[in-house]
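Structure first, then comments.
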Amino acid sequence: MRTWRLEVEYEGTRYGGWQRQPDKRTIQGELQRAAETFLDRKVEIGGSGRTDAGVHALRQVAHLKTNSSAPVPPTAQLLRGINGLLPHDINLLSCGRARPDFHARHDARARSYLYQISTRRTAFGKSFVWWMRDRLDAHAMAEACALLTGRHDFSSFCESPESQSSTLVEVEEARVIARGGLILFRIRASHFLWKMVRRVTGALVEVGRGNLSARGLRALLESYSNEPAAWTAPPSGLFLERVFYTSERPQDEPAPAFFMAEDRP
């Protein structure tokens, strides 16, 4: 078995999510098609986690595996060859040999997501933000966000919680900061439930609007409610920011995935 570790960035707007599907274009499907075309053999592509339709990634980690004993090109050539066959909105950032049993999902220790809320109308970033017309209290959002850290039951923020083996999630970091025309929400945890980040984001926006108190957010972590389903944030503002493996250190302060005009030097 030959294995490579890939780091991938993509704009998810045109795709049905990460996971390969028979009737939709997906990130995994495009990567597999490009790799098999370039290498002229069957390969396995696996990701560190699934992203939903319309969700982006700054540094998704994937593995590429092949059982073929045929010669393989150097990693730099493999990187260029696969990139040359990928659509413009998917790009390999790096490609390196990995141990044969490396698995992008099973070996991952934690993942972080970044959500971008725009506080003004923008001509350039609609696919990468949730434009909020209402005035938001970023300070109140940041205070409520601090309640998310630690081990909590996120069943209120999960689609179909009854289908999950467990809805308990250990959140290592949760932060809200205002940066120019953006409010950034970062959350880092060992794993995430389906639609969890988008529903937590929606709840924080309700706090920012003054419709939900920090005490109300805490109550949603203490007992199940279906109310957050109505607050689900759109996928456009969500980015898989980074995937962490053993000995890799967390990031510093959240930074925008792109800069609004007022954030430029």
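Quick note on naming: the chains in the structure tokens go A, B, ... in the order shown, residues restart at 1 in each chain, and ligands are numbered from 1 in order of appearance.
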
Nearby residues (only C-alpha atoms) at most 12 Å from A:Ala110, same-chain spacing under 2 positions excluded, as a CSV table (one decimal) with N, CA and C atoms, in the first residue's frame:
```csv
chain,number,residue,atom,x,y,z
A,48,SER,N,-10.6,13.9,6.1
A,48,SER,CA,-10.6,14.0,7.6
A,48,SER,C,-12.0,14.1,8.1
A,49,GLY,N,-13.0,14.5,7.3
A,49,GLY,CA,-14.4,14.7,7.7
A,49,GLY,C,-15.2,15.2,6.5
A,61,VAL,N,-7.7,17.8,5.1
A,61,VAL,CA,-6.7,16.8,4.9
A,61,VAL,C,-7.3,15.5,4.4
A,104,ALA,N,-6.8,9.8,7.1
A,104,ALA,CA,-7.0,11.2,7.4
A,104,ALA,C,-8.1,11.4,8.5
A,105,ARG,N,-9.1,10.6,8.5
A,105,ARG,CA,-10.1,10.7,9.5
A,105,ARG,C,-9.8,10.1,10.9
A,106,HIS,N,-9.4,8.8,10.8
A,106,HIS,CA,-9.2,8.1,12.1
A,106,HIS,C,-8.0,8.6,12.9
A,107,ASP,N,-7.0,9.2,12.2
A,107,ASP,CA,-5.8,9.7,12.9
A,107,ASP,C,-6.0,11.1,13.3
A,108,ALA,N,-7.0,11.8,12.9
A,108,ALA,CA,-7.2,13.2,13.3
A,108,ALA,C,-7.5,13.4,14.7
A,112,SER,N,-11.0,22.3,13.3
A,112,SER,CA,-11.6,23.6,13.7
A,112,SER,C,-12.3,24.1,12.4
A,113,TYR,N,-13.4,24.8,12.7
A,113,TYR,CA,-14.3,25.4,11.7
A,113,TYR,C,-14.3,26.9,12.0
A,169,VAL,N,-20.0,16.2,22.8
A,169,VAL,CA,-18.8,16.7,22.0
A,169,VAL,C,-17.9,17.5,23.0
A,170,GLU,N,-16.6,17.3,22.9
A,170,GLU,CA,-15.7,18.0,23.7
A,170,GLU,C,-15.2,19.2,22.9
A,171,VAL,N,-15.6,20.4,23.3
A,171,VAL,CA,-15.2,21.6,22.6
A,171,VAL,C,-13.9,22.2,23.2
A,172,GLU,N,-12.8,22.3,22.5
A,172,GLU,CA,-11.5,22.7,23.0
A,172,GLU,C,-11.4,24.3,22.9
A,173,GLU,N,-12.1,24.9,21.9
A,173,GLU,CA,-12.0,26.3,21.8
A,173,GLU,C,-13.3,26.8,21.1
A,187,ILE,N,-14.7,27.4,16.1
A,187,ILE,CA,-14.9,26.4,17.1
A,187,ILE,C,-14.0,25.2,16.8
A,188,ARG,N,-13.3,24.7,17.8
A,188,ARG,CA,-12.4,23.5,17.6
A,188,ARG,C,-12.9,22.4,18.5
A,189,ALA,N,-13.0,21.2,18.0
A,189,ALA,CA,-13.4,20.1,18.8
A,189,ALA,C,-12.9,18.8,18.2
A,190,SER,N,-13.0,17.7,19.0
A,190,SER,CA,-12.6,16.4,18.5
A,190,SER,C,-13.3,16.0,17.3
A,191,HIS,N,-14.6,16.3,17.3
A,191,HIS,CA,-15.5,15.9,16.1
A,191,HIS,C,-16.7,16.8,16.2
A,192,PHE,N,-17.5,16.7,15.1
A,192,PHE,CA,-18.7,17.6,15.0
A,192,PHE,C,-19.9,16.7,14.5
A,240,LEU,N,-14.1,24.7,6.8
A,240,LEU,CA,-13.3,23.8,7.5
A,240,LEU,C,-11.9,24.4,7.5
A,241,GLU,N,-11.5,24.9,8.7
A,241,GLU,CA,-10.3,25.7,8.8
A,241,GLU,C,-9.0,24.9,8.9
A,242,ARG,N,-9.0,23.9,9.7
A,242,ARG,CA,-7.8,23.1,9.9
A,242,ARG,C,-8.1,21.8,10.6
A,243,VAL,N,-7.2,20.8,10.3
A,243,VAL,CA,-7.3,19.5,11.0
A,243,VAL,C,-6.1,19.3,11.7
A,244,PHE,N,-6.2,18.8,13.0
A,244,PHE,CA,-5.0,18.6,13.8
A,244,PHE,C,-4.7,17.1,14.1
A,245,TYR,N,-3.4,16.8,14.0
A,245,TYR,CA,-2.9,15.5,14.3
A,245,TYR,C,-2.0,15.6,15.5
A,246,THR,N,-1.5,14.5,16.0
A,246,THR,CA,-0.7,14.4,17.2
A,246,THR,C,0.5,15.4,17.1
A,247,SER,N,0.7,16.2,18.1
A,247,SER,CA,1.8,17.1,18.3
A,247,SER,C,1.6,18.4,17.5
A,248,GLU,N,0.5,18.6,16.7
A,248,GLU,CA,0.2,19.8,16.0
A,248,GLU,C,-0.4,20.8,16.9
A,249,ARG,N,0.0,22.1,16.9
A,249,ARG,CA,-0.5,23.1,17.8
A,249,ARG,C,-1.7,23.8,17.3
A,250,PRO,N,-2.6,24.3,18.1
A,250,PRO,CA,-3.7,25.1,17.7
A,250,PRO,C,-3.3,26.4,17.1
```

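Backbone DSSP assigns alpha helix (DSSP H) in stretch 181-254 of chain A to Met196, Val197, Arg198, Arg199, Val200, Thr201, Gly202, Ala203, Leu204, Val205, Glu206, Val207, Gly208, Arg209, Ala214, Arg215, Gly216, Leu217, Arg218, Ala219, Leu220, Leu221 and Glu222 of chain A.
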
(request) Identify which of the residues A:Met132, A:Ala138, A:Ala214, A:Ile45 lies closest to A:Gln28, counting only C-alpha atoms when measuring atom-to-atom distances. (result) A:Ile45

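With distances restricted to only C-alpha atoms, A:Phe38 is the closest residue to A:Gln77 from A:Ala178, A:Lys195, A:Glu206, A:Phe38.
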
Give me, as a PDB file with N, CA and C atoms, in the first residue's frame, all polymer residues having an atom no more than 10 Å from A:Ala233, counting only C-alpha atoms and skipping those fewer than 4 positions away in the same chain.
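Result file follows (part25.pdb):
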```pdb
ATOM      1  N   TYR A 115     -16.542  30.404  10.908  1.00  0.00           N
ATOM      2  CA  TYR A 115     -17.743  30.940  10.261  1.00  0.00           C
ATOM      3  C   TYR A 115     -17.601  32.457  10.158  1.00  0.00           C
ATOM      4  N   ILE A 117     -19.453  36.023   9.371  1.00  0.00           N
ATOM      5  CA  ILE A 117     -20.677  36.806   9.275  1.00  0.00           C
ATOM      6  C   ILE A 117     -20.290  38.207   8.832  1.00  0.00           C
ATOM      7  N   TRP A 130     -22.195  35.065   5.596  1.00  0.00           N
ATOM      8  CA  TRP A 130     -23.624  35.242   5.842  1.00  0.00           C
ATOM      9  C   TRP A 130     -23.803  36.725   6.106  1.00  0.00           C
ATOM     10  N   LYS A 195     -24.592  19.375  10.938  1.00  0.00           N
ATOM     11  CA  LYS A 195     -25.150  20.732  11.013  1.00  0.00           C
ATOM     12  C   LYS A 195     -24.896  21.422  12.352  1.00  0.00           C
ATOM     13  N   VAL A 197     -22.252  23.053  13.629  1.00  0.00           N
ATOM     14  CA  VAL A 197     -21.611  24.369  13.602  1.00  0.00           C
ATOM     15  C   VAL A 197     -22.579  25.426  13.080  1.00  0.00           C
ATOM     16  N   ARG A 198     -23.336  25.085  12.055  1.00  0.00           N
ATOM     17  CA  ARG A 198     -24.260  26.062  11.472  1.00  0.00           C
ATOM     18  C   ARG A 198     -25.390  26.407  12.446  1.00  0.00           C
ATOM     19  N   ARG A 199     -25.814  25.455  13.242  1.00  0.00           N
ATOM     20  CA  ARG A 199     -26.890  25.735  14.205  1.00  0.00           C
ATOM     21  C   ARG A 199     -26.368  26.478  15.426  1.00  0.00           C
ATOM     22  N   VAL A 200     -25.161  26.167  15.849  1.00  0.00           N
ATOM     23  CA  VAL A 200     -24.559  26.953  16.928  1.00  0.00           C
ATOM     24  C   VAL A 200     -24.352  28.394  16.466  1.00  0.00           C
ATOM     25  N   THR A 201     -23.885  28.566  15.223  1.00  0.00           N
ATOM     26  CA  THR A 201     -23.722  29.913  14.670  1.00  0.00           C
ATOM     27  C   THR A 201     -25.044  30.656  14.675  1.00  0.00           C
ATOM     28  N   GLY A 202     -26.106  29.989  14.239  1.00  0.00           N
ATOM     29  CA  GLY A 202     -27.429  30.619  14.238  1.00  0.00           C
ATOM     30  C   GLY A 202     -27.870  31.042  15.623  1.00  0.00           C
ATOM     31  N   ALA A 203     -27.571  30.202  16.625  1.00  0.00           N
ATOM     32  CA  ALA A 203     -27.924  30.557  18.003  1.00  0.00           C
ATOM     33  C   ALA A 203     -27.139  31.772  18.475  1.00  0.00           C
ATOM     34  N   VAL A 205     -26.013  34.151  16.605  1.00  0.00           N
ATOM     35  CA  VAL A 205     -26.595  35.313  15.927  1.00  0.00           C
ATOM     36  C   VAL A 205     -27.861  35.762  16.653  1.00  0.00           C
ATOM     37  N   PRO A 228     -33.191  25.387  17.657  1.00  0.00           N
ATOM     38  CA  PRO A 228     -32.063  25.815  16.828  1.00  0.00           C
ATOM     39  C   PRO A 228     -32.147  25.410  15.362  1.00  0.00           C
ATOM     40  N   ALA A 229     -32.979  24.418  15.026  1.00  0.00           N
ATOM     41  CA  ALA A 229     -33.111  24.025  13.620  1.00  0.00           C
ATOM     42  C   ALA A 229     -33.585  25.207  12.764  1.00  0.00           C
ATOM     43  N   GLY A 237     -21.021  30.795   4.648  1.00  0.00           N
ATOM     44  CA  GLY A 237     -20.016  31.402   5.522  1.00  0.00           C
ATOM     45  C   GLY A 237     -19.121  30.424   6.241  1.00  0.00           C
ATOM     46  N   LEU A 238     -19.296  29.127   6.002  1.00  0.00           N
ATOM     47  CA  LEU A 238     -18.613  28.118   6.804  1.00  0.00           C
ATOM     48  C   LEU A 238     -17.397  27.536   6.089  1.00  0.00           C
TER      49      LEU A 238
END
```

(message) Can you pull out every residue from stretch 49-192 of chain A that DSSP, working from the backbone, puts in strand (DSSP E or B), and format the result as a ChimeraX atom specification?
(response) /A:56-66,90-98,110-118,130-131,150-153,168-179,182-189

(message) Nearest residue to A:Glu227 out of A:Ala257, A:Ala35, A:Cys145, A:Cys158, using only C-alpha atoms?
(response) A:Cys158

(request) For stretch 119-122 of chain A, please output as a PyMOL selection string all residues within 8 Å (counting only C-alpha atoms; exclusion window: fewer than 4 positions along the same chain). (result) chain A and resi 126+131-133+135-136+181-183

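Of the listed residues (A:Leu39, A:Ala53, A:Met141, A:Val8), A:Ala53 comes nearest to A:Pro234; the distances count only C-alpha atoms.
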
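Closest approach to A:Trp18 from the set A:Met196, A:Val55, A:Leu64, A:Leu86 is made by A:Val55, with distances taken over only C-alpha atoms.
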
(message) Given only C-alpha atoms as the basis, pick out the residue of A:Tyr224, A:Phe157, A:Phe185, A:Tyr10 nearest to A:Leu92.
(response) A:Tyr10

Would you list the contacts of A:Tyr15 as a compact mmCIF listing (two decimals) with N, CA and C atoms, in the first residue's frame, taking every protein, DNA or RNA residue within 7 Å and counting only C-alpha atoms, but skipping same-chain residues closer than 4 positions in sequence?
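Written file, result15.txt:
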```
# COMPACT_ATOMS: atom_id res chain seq x y z
N ARG A 25 -21.87 16.27 -8.21
CA ARG A 25 -20.43 16.57 -8.20
C ARG A 25 -20.02 16.84 -6.77
N THR A 26 -18.96 16.19 -6.34
CA THR A 26 -18.47 16.35 -4.97
C THR A 26 -16.96 16.57 -4.99
N ILE A 27 -16.43 17.05 -3.89
CA ILE A 27 -14.99 17.28 -3.78
C ILE A 27 -14.23 15.95 -3.85
N ALA A 53 -22.92 20.40 1.46
CA ALA A 53 -23.04 21.16 0.22
C ALA A 53 -22.88 22.65 0.50
N GLY A 54 -22.04 23.31 -0.29
CA GLY A 54 -21.84 24.75 -0.16
C GLY A 54 -20.82 25.17 0.87
```

(message) Just to confirm, what's the straight-line distance from atom CA of A:Gly29 to atom CA of A:Gly84 in Å (one decimal)?
(response) 15.6 Å
